[in-house]
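To keep things clear, I will list the structure first and then write my remarks on it.
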Amino acid sequence: MKRLEYDVVILGGGAAGMGAIRGALSQNASVLLVEREASTGGVLNQCIHNGFGVRVFKKELTGPEYHEMYLEKLKGFDAMYEATVLDIDSESRLLKVISASGIYKIRYGALVLATGARERPFEALRVPGSRPSGIFTAGLAQHFVNLENRLPGRKAIVIGSGDIGLIMARRLTLEGVEVEGVYEIMPYQGGLTRNVVQCLKDFNIPLHLSTSVVKVHGKERLEGVTVAKFIDGNPVSGTERFIGCDTLIASVGLIPENDLVDKEIEISSSGGAVVDDLMRTSVDNIFAAGNNVCIHDLVDFVTVEGEGAGQNAARVAKKEKMPKRVGIFKKGKGIRVISIHYTTATIPFKMYVRVDHPMDMAILRINDTNLKTVLNAKPSEMIEFTLDPTKYNLKGEIELSAVEAKR
Amino acid sequence: MSEKTIEMTCVVCPIGCNLKVTMDGNGKFLSVTGNKCLKGAIYAKEEVTEPKRILPTNIKVVGGELPLVSVRTEKPIPKKLLFEAMEVIRTFKVKAPVKRGQILIKNLLGTGVNVIATRTVKMDKGT
Amino acid sequence: MKIAIIGAGIIGSLIAREFTKYKVEVEIFEKLPDVGWGVTKANSGILHAGYDDEPNTLRAKYCSRGNEMYTELSEELNFKIKRTGSLVAAFNDKEVKILEELLKRGKINGVKDLRILSRLSALEIEPNLSREIVAALYSPNAGVLAPWEVAQAAVENALNNGAKIHLSTKVESIFEEGEKYRLRTSKGIFLFDVVVNAAGLWADELAESAGVKVTPLHPRRGQYILLDQPNVVRTVLFPTPSRAGKGILVLPTIHNTTLLGPTSEDLLPIEKEVTETTAEGLSKVVKKAKKLVPLINLSKTLRTFAGLRPENDIKDFVIKRESNMIHIVATRSPGLTAAPAIAGDIVGEIVEKLNLQKKDDFHPIRKAIPKIVDMSDEEKEKLISQNPSYGKVICRCNKVTEGEIVEAIRHGARTLDGVKFRTTAMFGRCQGSFCMVKIMNIMRREIGENFEEIVKNFPNSHIVDGVVR
């Protein structure tokens with residue numbers, strides 16, 4: 001058993017983890033990255049599409065560019081690649097890590113969780129029928145196409161209209177795979193409008209709202225699906241239609257990855273790590289940032305969150321006295337997701353929220369005060385704002401709500 | 001002739017501003033509102049005259065640690081050329097190592113836009 | 001002396017292994033590409049205690065004996081069993097009467113340690129059981145296992161002791177030819193002295209082809225939901241049985257997930273491959289399982305599946321002997337529990353009849369694929385220092401390492417499901433979306449197959465279709 005000790009240990013080297021490395025290094029902390037894969041970058045490596053970097057680099061980049069350019073900023077950290085955390089003991093501040101060079105016990109001053117999210121697999125939807133090959137999560141299909149140089153099939157349908165699903169609809173179309181359509185069980189899209197425009201409309205791929213799969217066909221390889229209209233999550237009988245296809249791409253939701261820590265720290269109802277405005281979890285020396293906190297639309301926001309988490313983790317590791325939580329955010333009417341659950345009310349901080357249904361015009365409110373007006377608010381598009389403790393009373397219980405208004 | 005207003009979502013960046021574009025009766029661009037930056041205004045004008053897109057895809061790598069290198073057009077190219085551009089890109093091969101930003105195809109389809117690598121691909125250690 | 005075993009399900013596998021203790025040549029025929037992929041793969045995986053079966057049935061004869069045999073068998077063949085115990089929950093006085101009936105039956109069948117618990121004692125054993133129960137029948141001897149692991153282990157051990165296996169080889173018919181039997185298969189004709197038909201759902205048709213009349217089989221479909229909700233129950237939980245069968249259960253699997261099901265749908269005899277799930281079936285599973293355990297969280301669904309059990313009208317196993325040919329038909333529940341006892345008896349019979357001699361060099365122990373996640377830190381360190389690939393985690397959900405996947409391939413896995421059912425990689429909450437590519441790359445390296453040739457399970461279940469560039 002090998003023993004190591006670092007000020008800040010970061011779990012996961014994707015966008016949030018790289019941000020955390022930078023944040024911790026800026027405070028002169030000793031930093032160790034523990035990464036499952038053979039390199040940093042996480043899912044950025046397979047996201048070859050553009051749309052990254054608008055905030056952090058002030059230009060539009062692809063995922064691989066964003067990864068490499070950000071990595072170039074990082075100097076002087078240690079990393080274990082192809083290493084997996086088996087266990088966290090927050091009492092003794094010890095991680096148990098397995099890698100090809102053996103078992104490690106690593107003591108941390110502070111820990112940053114940057115484990116990202118995983119895709120909900122199609123199997124979890126309990127769709128009746130058979131269980132053939134040819135069913136992929138959008139991310140798996142993306143991995144096959146962009147990193148392994150392999151096509152998943154010849155005729156595909158996309159289930160769910162999350163961003164990766166929309167991006168894969170375009171990617172497959174450009175590579176000559178027929179994409180029959182995108183099917184979304186909700187009455188509104190799951191991904192960004194930008195992606196509906198440039199991934200579907202540009203290529204005349206139909207988006208069928210309130211429609212999803214009710215049966216899978218094919219014993220060995222997928223042979224087709226039956227789709228039907230859905231109202232309130234239930235199929236409408238008589239609306240069934242068979243679609244022949246050999247490939248099903250599922251983009252049916254991302255789940256914050258907290259399985260390693262869900263016994264250690266407070267987890268929100270949506271599965272994310274509950275954090276305060278310092279990105280601190282319910283354990284004082286464990287921080288979290290990125291999609292394991294809440295699912296973000298923009299990688300740039302994830303990076304910024306990671307940088308904050310890394311900085312504050314370094315301060316904790318160096319025994320700096322950190323402010324206490326004084327305010328707690330509650331989801332009020334019209335709000336489905338909030339990124340930050342507690343505040344120390346010490347410095348201005350970013351808050352991201354999602355509305356719970358599409359609103360022509362949404363007025364965001366903090367307690368009884370109007371914060372911001374958002375046109376065309378959609379659950380798929382995160383709303384970003386800054387909360388300044390000198391402007392708002394951020395003590396005690398703070399309710400964030402979204403009121404629908406007519407333009 | 002009367003003016004016409006259309007609504008669109010800006011796709012220049014993931015913020016996705018809601019734009020209102022006003023055109024004259026001949027479809028000629030007049031003005032835009034709702035954009036948060038100048039790029040949005042340029043996009044709106046282009047979108048009603050000649051829509052353009054960045055094309056991200058891959059090119060085959062020979063002797064690399066990866067079979068493909070991710071690439072994109074340096075600037076947006078006319079939307080109507082996307083498939084034609086794919087046909088050209090498909091035929092290209094590049095020898096490892098590849099550096100990020102390296103120009104792999106010059107002046108794609110006479111658009112004046114280059115295709116650049118968006119990542120580094122080292123040589124395969126085995127070869 | 002040449003012996004053919006038709007079917008590498010749990011019964012055929014254990015019979016084959018049992019025969020390799022003697023000086024005979026054993027050949028196994030399996031129509032599917034891997035062992036344990038028929039009836040064996042998709043059932044509840046329960047070691048029944050044996051109180052459920054009417055006395056004087058073959059089920060009663062073999063169930064509790066088979067249950068006891070599993071302890072030694074699991075030690076020799078190195079597969080996991082967990083003696084979780086079982087509870088049959090009664091929700092009213094009428095159901096309590098049935099529990100008393102089962103208790104009586106259990107005693108006649110020789111089931112040990114069976115008792116009826118009060119509501120409170122039952123809830124103490126099983127805190128998440130519905131508060132609405134009034135009593136429960138408790139058996140500490142019931143347990144769970146992964147049935148396919150038994151078939152894999154038994155076949156591996158049989159092969160190690162000299163048996164041969166013909167995978168993807170369908171036996172179409174059996175003909176008596178003088179003293180011998182001629183098997184017509186999809187891969188040619190073979191001659192044997194002894195034939196054991198353990199062909200599961202097709203055992204009736206195969207017996208028929210040999211001119212042996214047995215009660216015909218029809219498939220009884222069981223639909224299941226597998227949940228990634230560990231420790232929600234500790235024991236195998238049954239509702240009180242009815243004429244329709246044992247009902248829909250909630251149980252902890254050997255892999256620390258929770259299984260709900262099965263339905264009991266009688267299909268037509270021609271529907272022996274209809275393993276589709278249905279909306280009605282799955283919603284029935286949900287409803288009944290929630291009645292037993294209200295805490296069940298469906299958002300933790302891993303997947304659904306359905307299996308078929310070979311059922312006949314007399315609801316009992318049928319074992320037909322015809323000179324040196326034995327047909328084992330309708331090994332429906334508790335066929336899995338009964339399997340070692342059936343195998344022991346059948347092989348014993350033939351041994352006596354043909355005066356077969358024991359081999360001196362039979363090796364009873366099968367080495368399992370190492371399981372890193374179950375090892376102590378010292379054991380992990382030791383294994384990794386010998387072979388670093390045991391330190392590379394490939395399946396993040398179940399912490400399966402590269403070393404285990406390579407070993408699974410050496411143990412016979414040739415498909416993704418072959419790896420999955422030997423290592424539990426791709427069995428977890430991501431259902432392979434993170435690790436499938438890595439596993440395919442390991443298979444490509446170890447077997448020398450191209451990506452395009454790698455299949456999920458059956459020959460046409462390829463994963464990818466050509467290159468992008």
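Order determines the names: the first chain of the structure tokens is A, the second B, and so forth; residues in each chain are numbered 1 upward, and ligands are numbered 1 upward as they are shown.
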For this session: as a ChimeraX atom specification, list the residues of chain B assigned to alpha helix (DSSP H) by DSSP on the backbone atoms of this structure.
Result: /B:38-49,82-91
Show me which bits of chain C are within 12 Å of chain B, counting only C-alpha atoms, as an mmCIF file with N, CA and C atoms, in the first residue's frame.
data_model
loop_
_atom_site.group_PDB
_atom_site.id
_atom_site.type_symbol
_atom_site.label_atom_id
_atom_site.label_comp_id
_atom_site.auth_asym_id
_atom_site.auth_seq_id
_atom_site.Cartn_x
_atom_site.Cartn_y
_atom_site.Cartn_z
ATOM 1 N N VAL C 467 -16.743 1.728 -40.856
ATOM 2 C CA VAL C 467 -15.934 2.835 -40.375
ATOM 3 C C VAL C 467 -16.510 4.169 -40.848
ATOM 4 N N VAL C 468 -16.148 5.224 -40.139
ATOM 5 C CA VAL C 468 -16.566 6.571 -40.519
ATOM 6 C C VAL C 468 -15.687 7.059 -41.670
ATOM 7 N N ARG C 469 -14.381 6.813 -41.561
ATOM 8 C CA ARG C 469 -13.420 7.234 -42.587
ATOM 9 C C ARG C 469 -12.633 6.034 -43.086
#
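The list of residues with at least one atom within 7 Å of B:Ile116, based on only C-alpha atoms and without residues fewer than 3 positions apart in the same chain, reads Val71, Arg72, Thr73, Glu74, Gly101, Gln102, Ile103 and Leu104 of chain B.
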Selection file, C-alpha atoms, as a short mmCIF file (atom, residue, chain, number, x, y, z; two decimals), in the first residue's frame:
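Produced file out.cif, reproduced below:
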data_model
loop_
_atom_site.label_atom_id
_atom_site.label_comp_id
_atom_site.auth_asym_id
_atom_site.auth_seq_id
_atom_site.Cartn_x
_atom_site.Cartn_y
_atom_site.Cartn_z
CA VAL B 71 -11.33 19.21 -37.39
CA ARG B 72 -13.47 22.24 -38.15
CA THR B 73 -13.76 24.98 -40.67
CA GLU B 74 -11.83 27.96 -39.40
CA GLY B 101 -4.63 24.56 -35.35
CA GLN B 102 -2.68 22.93 -38.21
CA ILE B 103 -4.30 23.69 -41.55
CA LEU B 104 -5.29 20.38 -43.08
#
Please report, as CSV, each residue of chain A lying at most 9 Å from chain C, together with the nearest pair of atoms and the separation in Å rounded to one decimal; use only C-alpha atoms, and order rows by chain and ascending residue number.
residue,atom,partner,partner_atom,distance
A:Met1,CA,C:Glu381,CA,7.1
A:Arg36,CA,C:Val393,CA,7.9
A:Glu82,CA,C:Lys392,CA,6.3
A:Ala83,CA,C:Lys392,CA,6.9
A:Thr84,CA,C:Val393,CA,6.5
A:Leu86,CA,C:Lys399,CA,8.3
A:Ile98,CA,C:Gly391,CA,5.6
A:Ser99,CA,C:Gly391,CA,4.3
A:Ala100,CA,C:Gly391,CA,4.1
A:Ser101,CA,C:Pro388,CA,6.4
A:Gly102,CA,C:Glu381,CA,5.5
A:Ile103,CA,C:Glu381,CA,6.1
A:Arg118,CA,C:Cys430,CA,7.2
A:Glu119,CA,C:Cys430,CA,7.1
A:Arg120,CA,C:Cys430,CA,7.0
A:Pro121,CA,C:Cys430,CA,6.1
A:Phe122,CA,C:Arg303,CA,8.4
A:Glu123,CA,C:Arg303,CA,4.7
A:Ala124,CA,C:Thr301,CA,4.9
A:Leu125,CA,C:Thr301,CA,7.4
A:Arg126,CA,C:Thr304,CA,5.9
A:Val127,CA,C:Ala279,CA,7.6
A:Pro128,CA,C:Thr278,CA,4.8
A:Gly129,CA,C:Glu276,CA,4.6
A:Ser130,CA,C:Glu276,CA,4.7
A:Arg131,CA,C:Glu276,CA,7.7
A:Pro132,CA,C:Ser461,CA,6.7
A:Ser133,CA,C:Ser461,CA,5.3
A:Gly134,CA,C:Ile463,CA,6.0
A:Ile135,CA,C:Ile463,CA,8.6
A:Phe136,CA,C:Ser433,CA,7.2
A:Thr137,CA,C:Ser433,CA,6.4
A:Gly139,CA,C:Ser433,CA,7.5
A:Leu140,CA,C:Ser433,CA,5.4
A:Ala141,CA,C:Ser433,CA,8.9
A:His143,CA,C:Val437,CA,8.0
A:Phe144,CA,C:Val437,CA,7.4
A:Val145,CA,C:Val468,CA,6.6
A:Asn146,CA,C:Val468,CA,8.5
A:Glu148,CA,C:Val437,CA,8.3
A:Asn149,CA,C:Val468,CA,5.1
A:Arg150,CA,C:Val467,CA,4.4
A:Leu151,CA,C:Asp465,CA,5.4
A:Pro152,CA,C:Val464,CA,4.5
A:Gly153,CA,C:Asp465,CA,5.1
A:Arg154,CA,C:Asp465,CA,7.5
A:Glu175,CA,C:Val468,CA,6.9
A:Val214,CA,C:Ala279,CA,8.3
A:Lys215,CA,C:Thr278,CA,8.2
A:Val216,CA,C:Glu276,CA,8.7
A:His217,CA,C:Glu276,CA,8.8
A:Lys219,CA,C:Ser461,CA,8.3
A:Glu220,CA,C:Ser461,CA,4.6
A:Arg221,CA,C:Ser461,CA,4.6
A:Leu222,CA,C:Ser461,CA,8.2
A:Asp259,CA,C:Cys397,CA,8.9
For this session: Determine which residues of chain B sit within 8 Å of chain A, taking into account only C-alpha atoms, and present them as a PyMOL selection string.
Result: chain B and resi 9-14+16+18+54+56-58+66-68+70-71+79+83+86+100+118-119
Hey, can you spit out that residue selection with N, CA and C atoms as an mmCIF file, in the first residue's frame?
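New file out24.cif:
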data_model
loop_
_atom_site.group_PDB
_atom_site.id
_atom_site.type_symbol
_atom_site.label_atom_id
_atom_site.label_comp_id
_atom_site.auth_asym_id
_atom_site.auth_seq_id
_atom_site.Cartn_x
_atom_site.Cartn_y
_atom_site.Cartn_z
ATOM 1 N N THR B 9 -33.487 32.193 -33.283
ATOM 2 C CA THR B 9 -32.547 32.036 -32.176
ATOM 3 C C THR B 9 -31.148 32.131 -32.732
ATOM 4 N N CYS B 10 -30.357 32.984 -32.126
ATOM 5 C CA CYS B 10 -28.973 33.126 -32.572
ATOM 6 C C CYS B 10 -28.217 31.838 -32.245
ATOM 7 N N VAL B 11 -27.463 31.306 -33.201
ATOM 8 C CA VAL B 11 -26.709 30.076 -32.949
ATOM 9 C C VAL B 11 -25.195 30.325 -32.904
ATOM 10 N N VAL B 12 -24.818 31.585 -32.836
ATOM 11 C CA VAL B 12 -23.379 31.879 -32.822
ATOM 12 C C VAL B 12 -22.713 31.278 -31.591
ATOM 13 N N CYS B 13 -23.384 31.386 -30.464
ATOM 14 C CA CYS B 13 -22.830 30.761 -29.267
ATOM 15 C C CYS B 13 -23.978 30.120 -28.503
ATOM 16 N N PRO B 14 -23.662 29.309 -27.504
ATOM 17 C CA PRO B 14 -24.733 28.563 -26.829
ATOM 18 C C PRO B 14 -25.675 29.435 -25.995
ATOM 19 N N GLY B 16 -27.664 31.623 -27.133
ATOM 20 C CA GLY B 16 -28.907 31.504 -27.894
ATOM 21 C C GLY B 16 -29.853 32.675 -27.724
ATOM 22 N N ASN B 18 -32.589 35.478 -28.431
ATOM 23 C CA ASN B 18 -33.776 35.533 -29.286
ATOM 24 C C ASN B 18 -33.721 36.812 -30.109
ATOM 25 N N ILE B 54 -20.279 26.853 -38.990
ATOM 26 C CA ILE B 54 -18.999 26.166 -38.764
ATOM 27 C C ILE B 54 -19.266 24.683 -39.013
ATOM 28 N N PRO B 56 -17.921 21.132 -37.996
ATOM 29 C CA PRO B 56 -16.993 20.296 -37.234
ATOM 30 C C PRO B 56 -17.108 18.843 -37.674
ATOM 31 N N THR B 57 -15.988 18.185 -37.909
ATOM 32 C CA THR B 57 -16.021 16.759 -38.265
ATOM 33 C C THR B 57 -14.642 16.143 -38.001
ATOM 34 N N ASN B 58 -14.340 15.053 -38.663
ATOM 35 C CA ASN B 58 -13.082 14.348 -38.443
ATOM 36 C C ASN B 58 -12.365 14.086 -39.760
ATOM 37 N N LEU B 66 -4.516 7.832 -32.553
ATOM 38 C CA LEU B 66 -5.968 7.776 -32.735
ATOM 39 C C LEU B 66 -6.258 7.583 -34.218
ATOM 40 N N PRO B 67 -7.389 6.960 -34.554
ATOM 41 C CA PRO B 67 -7.687 6.756 -35.978
ATOM 42 C C PRO B 67 -8.139 8.038 -36.678
ATOM 43 N N LEU B 68 -8.614 9.017 -35.900
ATOM 44 C CA LEU B 68 -9.173 10.236 -36.482
ATOM 45 C C LEU B 68 -8.616 11.455 -35.769
ATOM 46 N N SER B 70 -10.022 15.344 -34.937
ATOM 47 C CA SER B 70 -11.187 16.214 -35.071
ATOM 48 C C SER B 70 -10.760 17.509 -35.757
ATOM 49 N N VAL B 71 -11.638 18.010 -36.603
ATOM 50 C CA VAL B 71 -11.326 19.208 -37.393
ATOM 51 C C VAL B 71 -12.544 20.119 -37.420
ATOM 52 N N LYS B 79 -24.144 27.402 -45.546
ATOM 53 C CA LYS B 79 -24.865 26.209 -45.100
ATOM 54 C C LYS B 79 -25.121 25.249 -46.254
ATOM 55 N N PHE B 83 -22.797 19.540 -47.163
ATOM 56 C CA PHE B 83 -22.645 18.154 -47.630
ATOM 57 C C PHE B 83 -21.517 18.022 -48.654
ATOM 58 N N MET B 86 -18.378 17.977 -46.828
ATOM 59 C CA MET B 86 -18.139 16.659 -46.223
ATOM 60 C C MET B 86 -17.531 15.708 -47.240
ATOM 61 N N ARG B 100 -2.710 20.870 -33.070
ATOM 62 C CA ARG B 100 -3.944 21.656 -33.023
ATOM 63 C C ARG B 100 -3.735 22.954 -33.792
ATOM 64 N N THR B 118 -8.483 20.316 -34.653
ATOM 65 C CA THR B 118 -8.905 20.887 -33.372
ATOM 66 C C THR B 118 -8.289 20.156 -32.193
ATOM 67 N N ARG B 119 -7.370 19.236 -32.483
ATOM 68 C CA ARG B 119 -6.656 18.596 -31.377
ATOM 69 C C ARG B 119 -5.290 18.120 -31.851
#
Within 10 Å of C:Ile314, counting only C-alpha atoms, which residues show up once you throw out same-chain ones fewer than 6 positions away? Write them as a PDB file with C-alpha atoms, in the first residue's frame, please.
ATOM      1  CA  THR C  57     -43.980 -34.741  -6.707  1.00  0.00           C
ATOM      2  CA  THR C 215     -46.356 -34.234 -21.666  1.00  0.00           C
ATOM      3  CA  PRO C 216     -45.939 -31.309 -24.060  1.00  0.00           C
ATOM      4  CA  ALA C 330     -40.420 -29.438 -17.633  1.00  0.00           C
TER       5      ALA C 330
END
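Separating atom CA of C:Glu404 from atom CA of C:Ile439 is a distance of 10.8 Å.
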Problem set entry | Residue neighbourhood C:Arg182, 10 Å, only C-alpha atoms, exclusion window fewer than 3 positions, as a VMD selection string | chain C and resid 173 to 178 185 189 to 193 195 210
Exercise. Can you list, as a PyMOL selection string, every protein, DNA or RNA residue that comes within 8 Å of C:Phe19 when you count only C-alpha atoms, leaving out same-chain residues fewer than 5 positions away?
Worked result: chain C and resi 24+26+347
For this session: Mind listing the strand (DSSP E or B) residues of chain B, per DSSP on the backbone, as a PyMOL selection string?
Result: chain B and resi 4-9+18-23+29-33+52-53+56-62+64+68-73+77-78+93-95+98+103-105+115-117+121+123
Problem set entry | Spatial neighbours of B:Lys28, max dist 12 Å, only C-alpha atoms, sep filter under 5 positions, as a PyMOL selection string | chain B and resi 1-5+21-23+44-50
